[in-house]
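Shown here: final38.txt, compact mmCIF, C-alpha atoms (C1' of nucleotides).
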# COMPACT_ATOMS: atom_id res chain seq x y z
CA MET A 1 -58.11 81.17 -16.29
CA HIS A 2 -60.32 78.21 -15.50
CA GLU A 3 -64.03 78.01 -14.79
CA LYS A 4 -65.64 78.25 -11.40
CA HIS A 5 -66.53 74.98 -9.73
CA ALA A 6 -68.29 74.26 -6.47
CA SER A 7 -65.06 72.67 -5.26
CA THR A 8 -61.80 71.42 -6.66
CA PHE A 9 -62.93 67.94 -5.63
CA HIS A 10 -65.79 68.03 -8.11
CA GLU A 11 -63.58 69.75 -10.61
CA ASN A 12 -61.10 66.89 -10.37
CA ILE A 13 -63.82 64.31 -10.92
CA SER A 14 -64.89 66.28 -13.93
CA LYS A 15 -61.35 66.37 -15.28
CA ILE A 16 -60.92 62.62 -15.01
CA ARG A 17 -64.29 61.91 -16.58
CA LYS A 18 -63.43 64.29 -19.40
CA LEU A 19 -60.14 62.51 -19.95
CA ILE A 20 -61.94 59.15 -20.11
CA VAL A 21 -64.19 60.51 -22.82
CA GLN A 22 -61.42 62.20 -24.79
CA SER A 23 -59.35 59.02 -24.73
CA SER A 24 -62.33 57.06 -26.06
CA LEU A 25 -61.96 54.47 -23.30
CA VAL A 26 -64.43 51.60 -23.29
CA PRO A 27 -65.36 49.33 -20.36
CA GLY A 28 -62.40 47.17 -19.43
CA ASP A 29 -59.79 49.65 -20.61
CA ARG A 30 -57.11 50.83 -18.23
CA LEU A 31 -56.87 54.44 -17.18
CA PRO A 32 -53.53 56.24 -16.95
CA SER A 33 -51.72 55.62 -13.67
CA GLU A 34 -52.43 57.88 -10.72
CA ARG A 35 -49.05 59.51 -11.15
CA GLU A 36 -49.71 60.19 -14.83
CA LEU A 37 -53.16 61.57 -14.07
CA ALA A 38 -51.70 63.83 -11.41
CA GLU A 39 -49.17 65.29 -13.82
CA THR A 40 -51.57 65.50 -16.77
CA LEU A 41 -54.30 67.23 -14.78
CA SER A 42 -51.87 69.34 -12.76
CA ILE A 43 -53.19 68.16 -9.41
CA SER A 44 -51.62 66.18 -6.59
CA ARG A 45 -51.78 62.41 -6.54
CA ALA A 46 -53.73 62.57 -3.27
CA SER A 47 -56.48 64.53 -5.01
CA VAL A 48 -56.44 62.11 -7.92
CA ARG A 49 -56.95 59.28 -5.47
CA GLU A 50 -59.90 60.97 -3.75
CA ALA A 51 -61.58 61.54 -7.11
CA LEU A 52 -60.92 57.96 -8.23
CA ARG A 53 -62.32 56.63 -4.97
CA ALA A 54 -65.51 58.57 -5.61
CA LEU A 55 -65.78 57.23 -9.16
CA SER A 56 -65.15 53.79 -7.71
CA PHE A 57 -68.06 54.17 -5.32
CA LEU A 58 -70.27 55.23 -8.19
CA GLY A 59 -69.34 52.03 -9.98
CA ILE A 60 -67.62 53.82 -12.85
CA VAL A 61 -64.05 52.63 -12.29
CA GLU A 62 -62.37 49.91 -10.29
CA THR A 63 -58.81 49.71 -8.98
CA ARG A 64 -56.54 46.69 -8.77
CA ARG A 65 -53.53 46.96 -6.52
CA GLY A 66 -50.38 46.75 -8.57
CA GLY A 67 -52.42 46.46 -11.73
CA GLY A 68 -54.06 49.80 -12.39
CA THR A 69 -57.42 51.53 -12.58
CA PHE A 70 -59.96 50.24 -15.07
CA LEU A 71 -63.23 51.41 -16.55
CA CYS A 72 -65.93 49.17 -15.12
CA GLU A 73 -67.66 46.50 -17.14
CA GLN A 74 -71.39 47.11 -17.20
CA ASP A 75 -72.04 43.45 -16.52
CA ARG A 76 -70.31 43.58 -13.17
CA HIS A 77 -73.34 45.42 -11.82
CA LYS A 78 -75.87 43.08 -13.30
CA TYR A 79 -77.12 42.08 -9.88
CA ILE A 80 -77.98 45.66 -9.11
CA GLU A 81 -80.30 45.60 -12.08
CA ILE A 82 -81.72 42.32 -10.88
CA LEU A 83 -82.48 43.80 -7.49
CA SER A 84 -83.86 46.91 -9.15
CA GLU A 85 -86.06 44.76 -11.32
CA PHE A 86 -87.37 43.18 -8.16
CA ILE A 87 -88.30 46.57 -6.78
CA VAL A 88 -89.72 47.90 -9.98
CA THR A 89 -91.81 45.02 -11.23
CA LYS A 90 -93.26 43.44 -8.14
CA GLN A 91 -95.53 46.28 -7.08
CA THR A 92 -93.29 46.32 -4.05
CA LYS A 93 -94.96 47.00 -0.74
CA ALA A 94 -93.66 47.37 2.78
CA THR A 95 -93.58 43.63 3.28
CA ASP A 96 -91.46 43.24 0.16
CA ILE A 97 -88.95 45.79 1.40
CA VAL A 98 -88.66 43.94 4.68
CA GLU A 99 -88.28 40.68 2.80
CA MET A 100 -85.50 42.11 0.66
CA LEU A 101 -83.66 43.53 3.64
CA ARG A 102 -83.83 40.19 5.42
CA LEU A 103 -82.54 38.55 2.25
CA LEU A 104 -79.62 40.95 1.94
CA GLU A 105 -78.75 40.56 5.59
CA ARG A 106 -78.96 36.80 5.44
CA MET A 107 -76.53 36.96 2.53
CA ALA A 108 -74.15 38.99 4.65
CA PHE A 109 -74.65 36.62 7.55
CA THR A 110 -73.72 33.58 5.50
CA GLU A 111 -70.89 35.24 3.58
CA VAL A 112 -69.03 36.91 6.44
CA LYS A 113 -66.59 34.68 8.26
CA PRO A 114 -67.33 34.89 11.98
CA THR A 115 -64.43 36.10 14.09
CA SER A 116 -64.25 37.04 17.71
CA GLU A 117 -63.78 40.71 16.88
CA ARG A 118 -66.78 40.77 14.56
CA LEU A 119 -68.91 39.10 17.20
CA THR A 120 -67.76 41.65 19.74
CA ASP A 121 -68.62 44.47 17.36
CA LEU A 122 -72.10 43.06 16.84
CA GLU A 123 -72.70 42.56 20.53
CA ARG A 124 -71.74 46.15 21.19
CA VAL A 125 -74.68 47.41 19.15
CA ILE A 126 -77.11 44.62 19.89
CA ALA A 127 -79.50 47.04 21.57
CA ASP A 128 -80.02 49.08 18.38
CA ASP A 129 -81.73 47.27 15.52
CA ARG A 130 -80.55 49.61 12.77
CA LEU A 131 -76.96 49.83 14.00
CA PHE A 132 -76.88 46.06 14.41
CA ARG A 133 -77.95 45.45 10.84
CA GLN A 134 -75.64 48.15 9.54
CA GLN A 135 -72.74 46.60 11.41
CA LEU A 136 -73.51 43.21 9.89
CA ILE A 137 -73.59 44.62 6.36
CA PHE A 138 -70.38 46.59 6.74
CA GLN A 139 -68.56 43.47 7.87
CA LEU A 140 -68.99 42.10 4.37
CA GLU A 141 -66.66 44.87 3.15
CA ASN A 142 -68.20 44.87 -0.30
CA GLU A 143 -68.79 48.43 -1.42
CA LEU A 144 -71.42 47.61 -3.99
CA PHE A 145 -73.34 45.46 -1.55
CA ILE A 146 -73.16 48.18 1.08
CA ARG A 147 -74.49 50.70 -1.39
CA ILE A 148 -77.45 48.56 -2.34
CA TRP A 149 -78.30 47.80 1.27
CA ASN A 150 -77.98 51.49 2.08
CA GLU A 151 -80.53 52.46 -0.53
CA VAL A 152 -83.00 49.72 0.31
CA ASN A 153 -82.69 50.49 3.99
CA ARG A 154 -83.68 54.08 3.28
CA PHE A 155 -86.99 52.75 1.99
CA PHE A 156 -87.36 50.84 5.21
CA ASP A 157 -86.57 53.85 7.37
CA GLY A 158 -89.14 55.84 5.45
CA LEU A 159 -91.80 53.28 6.26
CA ASP A 160 -91.38 53.88 9.98
CA VAL A 161 -92.55 50.44 10.97
CA GLY A 162 -90.22 49.89 13.91
CA ASP A 163 -87.44 47.35 14.20
CA LEU A 164 -86.70 44.65 11.67
CA TYR A 165 -85.61 42.14 14.28
CA THR A 166 -86.42 41.78 17.96
CA LEU A 167 -83.67 41.84 20.55
CA GLU A 168 -84.15 38.10 21.05
CA GLU A 169 -83.68 37.47 17.34
CA ARG A 170 -80.49 39.48 17.30
CA LYS A 171 -79.17 37.56 20.30
CA LEU A 172 -80.10 34.30 18.61
CA LEU A 173 -78.29 35.40 15.44
CA ILE A 174 -75.11 35.97 17.40
CA GLU A 175 -75.40 32.69 19.24
CA THR A 176 -75.94 30.86 15.98
CA TRP A 177 -72.90 32.53 14.51
CA ARG A 178 -70.80 31.72 17.53
CA GLY A 179 -71.72 28.08 17.09
CA MET A 180 -70.35 28.12 13.56
CA GLY A 181 -66.80 28.11 14.91
CA MET A 182 -63.78 30.33 14.52
CA PRO A 183 -61.17 30.45 11.73
CA GLU A 184 -57.81 28.79 12.12
CA MET B 185 -52.57 41.20 16.68
CA HIS B 186 -55.55 42.51 14.81
CA GLU B 187 -58.21 40.70 12.77
CA LYS B 188 -57.99 40.01 9.09
CA HIS B 189 -59.84 42.44 6.83
CA ALA B 190 -60.29 42.48 3.09
CA SER B 191 -58.36 45.72 3.06
CA THR B 192 -57.18 48.38 5.47
CA PHE B 193 -59.53 50.74 3.67
CA HIS B 194 -62.56 48.81 4.85
CA GLU B 195 -60.94 48.29 8.19
CA ASN B 196 -60.58 52.05 8.58
CA ILE B 197 -64.23 52.63 7.73
CA SER B 198 -65.09 50.01 10.32
CA LYS B 199 -62.92 51.73 12.91
CA ILE B 200 -64.57 55.09 12.37
CA ARG B 201 -68.06 53.62 12.45
CA LYS B 202 -67.17 51.81 15.64
CA LEU B 203 -65.95 55.01 17.18
CA ILE B 204 -69.19 56.75 16.24
CA VAL B 205 -71.16 54.05 18.01
CA GLN B 206 -68.94 53.94 21.07
CA SER B 207 -69.14 57.71 21.43
CA SER B 208 -72.94 57.52 21.26
CA LEU B 209 -73.04 60.19 18.58
CA VAL B 210 -76.44 61.21 17.25
CA PRO B 211 -77.26 62.93 13.93
CA GLY B 212 -75.90 66.46 13.98
CA ASP B 213 -73.07 65.69 16.38
CA ARG B 214 -69.52 66.50 15.40
CA LEU B 215 -66.93 63.77 14.95
CA PRO B 216 -63.38 64.19 16.25
CA SER B 217 -61.13 66.11 13.87
CA GLU B 218 -59.28 64.21 11.16
CA ARG B 219 -56.03 64.67 13.06
CA GLU B 220 -57.55 63.28 16.25
CA LEU B 221 -59.05 60.33 14.38
CA ALA B 222 -55.71 59.61 12.77
CA GLU B 223 -53.95 59.50 16.12
CA THR B 224 -56.73 57.65 17.93
CA LEU B 225 -57.04 54.96 15.26
CA SER B 226 -53.31 54.80 14.60
CA ILE B 227 -53.66 55.45 10.88
CA SER B 228 -52.52 58.28 8.66
CA ARG B 229 -54.67 61.32 8.11
CA ALA B 230 -54.82 60.53 4.39
CA SER B 231 -56.43 57.19 5.18
CA VAL B 232 -58.85 58.86 7.56
CA ARG B 233 -59.84 61.22 4.79
CA GLU B 234 -60.44 58.42 2.28
CA ALA B 235 -62.64 56.62 4.77
CA LEU B 236 -64.55 59.79 5.62
CA ARG B 237 -65.05 60.54 1.93
CA ALA B 238 -66.59 57.10 1.52
CA LEU B 239 -68.90 57.62 4.49
CA SER B 240 -69.77 60.98 3.00
CA PHE B 241 -70.79 59.35 -0.27
CA LEU B 242 -72.93 56.91 1.63
CA GLY B 243 -74.72 59.82 3.23
CA ILE B 244 -73.55 58.95 6.73
CA VAL B 245 -71.36 61.96 7.49
CA GLU B 246 -70.82 65.40 5.98
CA THR B 247 -67.78 67.67 6.17
CA ARG B 248 -67.65 71.43 6.51
CA ARG B 249 -64.41 73.14 5.67
CA GLY B 250 -62.99 74.78 8.74
CA GLY B 251 -65.90 73.49 10.78
CA GLY B 252 -65.55 69.77 11.15
CA THR B 253 -67.16 66.46 10.21
CA PHE B 254 -70.72 65.81 11.33
CA LEU B 255 -73.08 62.87 11.54
CA CYS B 256 -75.75 63.41 8.90
CA GLU B 257 -79.30 64.36 9.76
CA GLN B 258 -81.73 61.73 8.51
CA ASP B 259 -83.98 64.44 7.10
CA ARG B 260 -81.36 65.61 4.67
CA HIS B 261 -82.08 62.54 2.58
CA LYS B 262 -85.83 62.90 2.71
CA TYR B 263 -86.01 63.47 -1.02
CA ILE B 264 -84.33 60.17 -1.64
CA GLU B 265 -87.19 58.52 0.18
CA ILE B 266 -89.64 60.55 -1.84
CA LEU B 267 -88.08 59.37 -5.07
CA SER B 268 -87.95 55.84 -3.72
CA GLU B 269 -91.59 56.08 -2.78
CA PHE B 270 -92.27 57.04 -6.37
CA ILE B 271 -90.54 53.93 -7.60
CA VAL B 272 -92.02 51.64 -5.03
CA THR B 273 -95.66 52.63 -5.01
CA LYS B 274 -96.44 53.54 -8.59
CA GLN B 275 -96.03 50.09 -10.11
CA THR B 276 -93.25 51.74 -12.02
CA LYS B 277 -92.83 50.65 -15.60
CA ALA B 278 -90.30 51.53 -18.27
CA THR B 279 -92.17 54.69 -19.18
CA ASP B 280 -92.03 55.82 -15.56
CA ILE B 281 -88.29 55.29 -15.39
CA VAL B 282 -87.86 57.36 -18.52
CA GLU B 283 -90.11 60.01 -17.08
CA MET B 284 -88.11 60.17 -13.88
CA LEU B 285 -84.80 60.40 -15.72
CA ARG B 286 -86.12 63.24 -17.84
CA LEU B 287 -87.31 64.94 -14.68
CA LEU B 288 -83.93 64.59 -12.98
CA GLU B 289 -82.10 65.80 -16.04
CA ARG B 290 -84.42 68.75 -16.49
CA MET B 291 -83.67 69.68 -12.86
CA ALA B 292 -79.96 69.58 -13.65
CA PHE B 293 -80.53 71.57 -16.81
CA THR B 294 -82.32 74.35 -14.99
CA GLU B 295 -80.05 74.35 -11.94
CA VAL B 296 -76.65 74.35 -13.62
CA LYS B 297 -75.41 77.76 -14.68
CA PRO B 298 -74.38 77.59 -18.32
CA THR B 299 -70.78 78.49 -19.00
CA SER B 300 -68.72 78.24 -22.13
CA GLU B 301 -66.67 75.40 -20.71
CA ARG B 302 -69.71 73.38 -19.73
CA LEU B 303 -71.22 73.87 -23.16
CA THR B 304 -67.96 72.70 -24.71
CA ASP B 305 -67.93 69.63 -22.47
CA LEU B 306 -71.48 68.78 -23.50
CA GLU B 307 -70.81 69.27 -27.19
CA ARG B 308 -67.84 66.95 -26.95
CA VAL B 309 -70.10 64.02 -26.03
CA ILE B 310 -73.16 65.04 -27.99
CA ALA B 311 -72.93 61.90 -30.11
CA ASP B 312 -73.40 59.58 -27.14
CA ASP B 313 -76.75 59.77 -25.38
CA ARG B 314 -75.62 58.20 -22.13
CA LEU B 315 -72.39 60.19 -21.85
CA PHE B 316 -74.29 63.37 -22.71
CA ARG B 317 -76.77 62.86 -19.91
CA GLN B 318 -74.06 61.78 -17.47
CA GLN B 319 -72.07 64.89 -18.31
CA LEU B 320 -75.10 67.07 -17.64
CA ILE B 321 -75.73 65.46 -14.26
CA PHE B 322 -72.11 65.68 -13.15
CA GLN B 323 -72.09 69.39 -13.89
CA LEU B 324 -74.51 69.86 -11.01
CA GLU B 325 -71.72 68.76 -8.68
CA ASN B 326 -74.18 67.50 -6.10
CA GLU B 327 -73.04 64.12 -4.83
CA LEU B 328 -76.41 63.02 -3.55
CA PHE B 329 -78.11 63.99 -6.79
CA ILE B 330 -75.46 62.18 -8.81
CA ARG B 331 -75.97 59.08 -6.71
CA ILE B 332 -79.72 59.07 -7.24
CA TRP B 333 -79.39 59.62 -10.96
CA ASN B 334 -76.79 56.90 -11.12
CA GLU B 335 -79.11 54.34 -9.57
CA VAL B 336 -82.15 55.30 -11.61
CA ASN B 337 -80.07 55.27 -14.76
CA ARG B 338 -79.06 51.70 -14.04
CA PHE B 339 -82.73 50.77 -14.24
CA PHE B 340 -82.85 52.50 -17.58
CA ASP B 341 -79.75 50.73 -18.90
CA GLY B 342 -81.27 47.43 -17.86
CA LEU B 343 -84.35 48.15 -19.94
CA ASP B 344 -82.29 48.31 -23.11
CA VAL B 345 -84.69 50.59 -24.91
CA GLY B 346 -82.15 52.69 -26.78
CA ASP B 347 -81.41 56.36 -26.33
CA LEU B 348 -83.34 58.70 -24.09
CA TYR B 349 -82.95 61.67 -26.40
CA THR B 350 -82.33 61.93 -30.12
CA LEU B 351 -79.29 63.71 -31.47
CA GLU B 352 -81.54 66.56 -32.58
CA GLU B 353 -82.96 66.93 -29.08
CA ARG B 354 -79.49 67.07 -27.59
CA LYS B 355 -78.45 69.71 -30.07
CA LEU B 356 -81.58 71.69 -29.30
CA LEU B 357 -80.86 71.44 -25.58
CA ILE B 358 -77.45 72.97 -26.09
CA GLU B 359 -78.78 75.71 -28.34
CA THR B 360 -81.45 76.54 -25.79
CA TRP B 361 -78.84 76.70 -23.09
CA ARG B 362 -76.57 78.87 -25.16
CA GLY B 363 -79.43 81.30 -25.58
CA MET B 364 -79.75 81.62 -21.82
CA GLY B 365 -76.63 83.77 -21.73
CA MET B 366 -73.31 83.61 -19.94
CA PRO B 367 -72.35 84.61 -16.41
CA GLU B 368 -70.79 87.94 -15.63
C1' DA C 369 -38.81 27.26 -25.77
C1' DT C 370 -39.82 27.14 -20.97
C1' DA C 371 -39.27 28.30 -16.46
C1' DT C 372 -37.25 31.21 -13.12
C1' DA C 373 -35.35 35.34 -11.34
C1' DT C 374 -35.11 40.23 -11.79
C1' DA C 375 -36.63 44.85 -12.71
C1' DA C 376 -40.13 48.22 -13.57
C1' DG C 377 -44.71 49.92 -12.91
C1' DT C 378 -48.86 50.76 -10.07
C1' DG C 379 -52.03 51.25 -6.29
C1' DG C 380 -51.90 51.71 -0.93
C1' DT C 381 -50.18 54.02 3.00
C1' DC C 382 -47.65 57.24 5.59
C1' DA C 383 -45.41 61.66 7.25
C1' DG C 384 -45.09 66.52 7.36
C1' DA C 385 -46.10 70.92 5.62
C1' DC C 386 -48.91 74.84 4.11
C1' DC C 387 -53.39 77.00 2.63
C1' DA C 388 -58.34 78.35 3.38
C1' DA C 389 -62.35 78.66 6.06
C1' DT C 390 -64.52 78.49 10.37
C1' DT C 391 -64.77 78.99 15.18
C1' DA C 392 -63.36 80.49 19.77
C1' DG C 393 -61.24 83.81 22.36
C1' DT C 394 -59.74 88.55 23.53
C1' DG C 395 -60.01 93.22 24.29
C1' DC C 396 -61.73 97.63 23.26
C1' DG C 397 -65.33 101.03 23.22
C1' DA C 398 -70.06 102.57 23.89
C1' DT D 399 -72.93 95.03 30.79
C1' DC D 400 -73.28 94.52 26.14
C1' DG D 401 -71.81 94.46 21.46
C1' DC D 402 -68.47 94.60 17.93
C1' DA D 403 -63.99 94.17 15.69
C1' DC D 404 -59.68 91.91 15.83
C1' DT D 405 -56.71 88.03 16.78
C1' DA D 406 -55.50 83.31 17.62
C1' DA D 407 -56.53 78.51 17.50
C1' DT D 408 -58.90 74.79 15.23
C1' DT D 409 -60.21 72.15 11.22
C1' DG D 410 -60.91 70.48 6.55
C1' DG D 411 -58.44 70.81 1.76
C1' DT D 412 -54.35 70.29 -0.87
C1' DC D 413 -49.59 69.36 -1.91
C1' DT D 414 -45.02 66.99 -1.80
C1' DG D 415 -42.16 63.18 -1.37
C1' DA D 416 -41.22 58.89 0.37
C1' DC D 417 -41.73 53.85 1.17
C1' DC D 418 -44.36 49.39 0.95
C1' DA D 419 -47.07 45.54 -1.41
C1' DC D 420 -48.61 43.62 -5.35
C1' DT D 421 -48.70 42.96 -10.37
C1' DT D 422 -46.80 42.90 -14.77
C1' DA D 423 -43.16 42.94 -17.98
C1' DT D 424 -38.44 41.89 -18.97
C1' DA D 425 -34.30 39.52 -18.91
C1' DT D 426 -31.70 35.51 -17.79
C1' DA D 427 -30.43 30.77 -17.23
C1' DT D 428 -31.37 26.04 -18.21

Would you put the structure from the file into structure tokens?
Amino acid sequence: MHEKHASTFHENISKIRKLIVQSSLVPGDRLPSERELAETLSISRASVREALRALSFLGIVETRRGGGTFLCEQDRHKYIEILSEFIVTKQTKATDIVEMLRLLERMAFTEVKPTSERLTDLERVIADDRLFRQQLIFQLENELFIRIWNEVNRFFDGLDVGDLYTLEERKLLIETWRGMGMPE
Amino acid sequence: MHEKHASTFHENISKIRKLIVQSSLVPGDRLPSERELAETLSISRASVREALRALSFLGIVETRRGGGTFLCEQDRHKYIEILSEFIVTKQTKATDIVEMLRLLERMAFTEVKPTSERLTDLERVIADDRLFRQQLIFQLENELFIRIWNEVNRFFDGLDVGDLYTLEERKLLIETWRGMGMPE
DNA sequence: ATATATAAGTGGTCAGACCAATTAGTGCGA
DNA sequence: TCGCACTAATTGGTCTGACCACTTATATAT
């Protein structure tokens, strides 16, 4: 009865996107609840959630616990465009990529509240530059930020210019963080 | 007992990433099964799946039905670096962004097998340039491709230069596709 | 009319079950 | 011994139903 899709997962994403269009939703509008979507699209709520999570990662929808699922405002991703602008306009070279990565990671470093567990996690991967930086970024727990870092870091990997920080720098970073004190 | 996280969702991602590091997994290696992960990390299998789906979208792991979940090979994302290289090195301007988008969308156009349902879906959004192109890309059902298009399209949106195609071009695209025949 | 308490709605998580695809194991025959 | 077909175990994919945490709407009391 229905068309062939690569997987029901993609089919479900397609269904939800189609419903957004048919309902003429505009950024900021609320989508039907997960339970409604499940019944309307004749799929389980678990599948609805997996599809919504994917759309969330793509920056198309956002969910608010107890509130609902909403179509994203374009403006919320303005800083992605800003970063993109930086890449696009500045005749970016290897040094610029490195500079941007250091900037992003400094942001993470200053934003993340240092806890004993996070320090332990960082120390565990202190020997590996890439894992160390990845660990730092993930501790921010901001999906959009993680996505941006992920893409920029791919540039860096492609450059094949070795580590971003030395082992001593990474150790110093941790020591500095430790000196910033613990939460209550 | 355990540290404060923004959400258990991010905490779960952190747990899995930590386990990958502690197990010294290298690209190509298989992760423990979802059931094992659930028991090891003391979370439900549904939560494990949501976390794995996120890591999948970030290009860190990939799942094979009946086979398992594997740490991604770096090389699989080589073409992301190629596209990035294009952006980074060519002093990319607005015209280049447009060119790249047209290229990506032509790839989708030639790769996707035209079916009556897909044509219907496209015709439904023919009035909206952005939705039309998004619909076309999503029909490819390739997560990595969707991600790349998504990022590049953000550049385009930031340029604010109007539509990429005219209504006539979109109609022509559909007519051309319709002429390519239907599947068996 | 305002503020407070209550109820309803919604996303987040969990448990257990079954299906579908792959993989590992077994045994038979050449 | 080797190779092939068959079976069993493993694993990701989906479904159902339940309960919790948070938000929003409603009703109630002052």

> Near DC386 in chain C, within 12 Å and counting all atoms listed in the file, which residues show up once chain neighbours fewer than 2 positions away are dropped, as an MDAnalysis selection string?
Replying inline: (chainID C and resid 384 388) or (chainID D and resid 411:414)

Mind dumping a table of every chain B residue within 10 Å of chain C, with the nearest atom pair and its distance in Å to one decimal, using only C-alpha atoms (C1' of nucleotides), sorted by chain and rising number, as CSV?
residue,atom,partner,partner_atom,distance
B:Ser191,CA,C:DG380,C1',9.7
B:Thr192,CA,C:DG380,C1',8.9
B:Phe193,CA,C:DG380,C1',9.0
B:Ile227,CA,C:DC382,C1',8.2
B:Ser228,CA,C:DC382,C1',5.9
B:Arg229,CA,C:DC382,C1',8.5
B:Ala230,CA,C:DC382,C1',8.0
B:Ser231,CA,C:DT381,C1',7.3
B:Arg248,CA,C:DT390,C1',8.6
B:Arg249,CA,C:DA389,C1',5.9
B:Gly250,CA,C:DT390,C1',4.3
B:Gly251,CA,C:DT390,C1',5.2
B:Gly252,CA,C:DT390,C1',8.8

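For the pair CA of Leu221 in chain B and CA of Leu239 in chain B, the separation is 14.2 Å.
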
Range 201-215 of chain B: axis-aligned bounding box, 3 Å on each side, centre and edge lengths in Å, one decimal, as lines of an AutoDock Vina configuration file:
center_x = -71.6
center_y = 59.2
center_z = 16.9
size_x = 17.3
size_y = 20.7
size_z = 15.0

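Taking CA of Arg314 in chain B and CA of Ile60 in chain A as endpoints, the distance between them is 13.0 Å.
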
> What is the distance, in Å and to one decimal place, between CA of Ile200 in chain B and CA of Ala51 in chain A?
Replying inline: 20.7 Å

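Closest approach to chain B from the set A:Leu122, A:Leu58, A:Leu172, A:Ile20 is made by A:Leu58, with distances taken over all atoms listed in the file.
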
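Residue nearest chain D, chosen from A:Glu36, A:Asp29, A:Glu50, A:Glu73 and counting all atoms listed in the file: A:Glu50.
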
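Nearest to chain D of all the residues A:Thr166, A:Ser42, A:Val98, A:Arg53 is A:Ser42, counting all atoms listed in the file.
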
Can I get the residues of chain D within 8 Å of chain B, each with the closest pair of atoms and their distance in Å to one decimal, using all atoms listed in the file, sorted chain first then ascending number, as CSV?
residue,atom,partner,partner_atom,distance
D:DT408,C1',B:Gly250,CA,7.7
D:DT409,C1',B:Gly250,CA,4.6
D:DG410,C1',B:Arg249,CA,4.5
D:DG411,C1',B:Arg249,CA,7.5

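Nearest residue to chain B among A:Leu167, A:Arg118, A:Glu62, A:Gly179 is A:Arg118, counting all atoms listed in the file.
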
> Can you tell me, as JSON, numbers by chain, what residues are no more than 10 Å from Arg17 in chain A when counting all atoms listed in the file, ignoring any on the same chain fewer than 3 positions away?
Replying inline: {"A": [11, 12, 13, 14, 20, 21, 22, 23, 51, 52, 55, 60], "B": [315, 318, 319, 322]}

Write a file of the selected residues as a short mmCIF file (atom, residue, chain, number, x, y, z; two decimals), keeping the file's coordinate frame, keeping C-alpha atoms.
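Saved the output as again.cif:
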data_model
loop_
_atom_site.label_atom_id
_atom_site.label_comp_id
_atom_site.auth_asym_id
_atom_site.auth_seq_id
_atom_site.Cartn_x
_atom_site.Cartn_y
_atom_site.Cartn_z
CA GLU A 11 -63.58 69.75 -10.61
CA ASN A 12 -61.10 66.89 -10.37
CA ILE A 13 -63.82 64.31 -10.92
CA SER A 14 -64.89 66.28 -13.93
CA ILE A 20 -61.94 59.15 -20.11
CA VAL A 21 -64.19 60.51 -22.82
CA GLN A 22 -61.42 62.20 -24.79
CA SER A 23 -59.35 59.02 -24.73
CA ALA A 51 -61.58 61.54 -7.11
CA LEU A 52 -60.92 57.96 -8.23
CA LEU A 55 -65.78 57.23 -9.16
CA ILE A 60 -67.62 53.82 -12.85
CA LEU B 315 -72.39 60.19 -21.85
CA GLN B 318 -74.06 61.78 -17.47
CA GLN B 319 -72.07 64.89 -18.31
CA PHE B 322 -72.11 65.68 -13.15
#

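Using all atoms listed in the file, the shortest contact distance between chain B and any of A:Ile126, A:Val161, A:Met107, A:Leu101 is found at A:Ile126.
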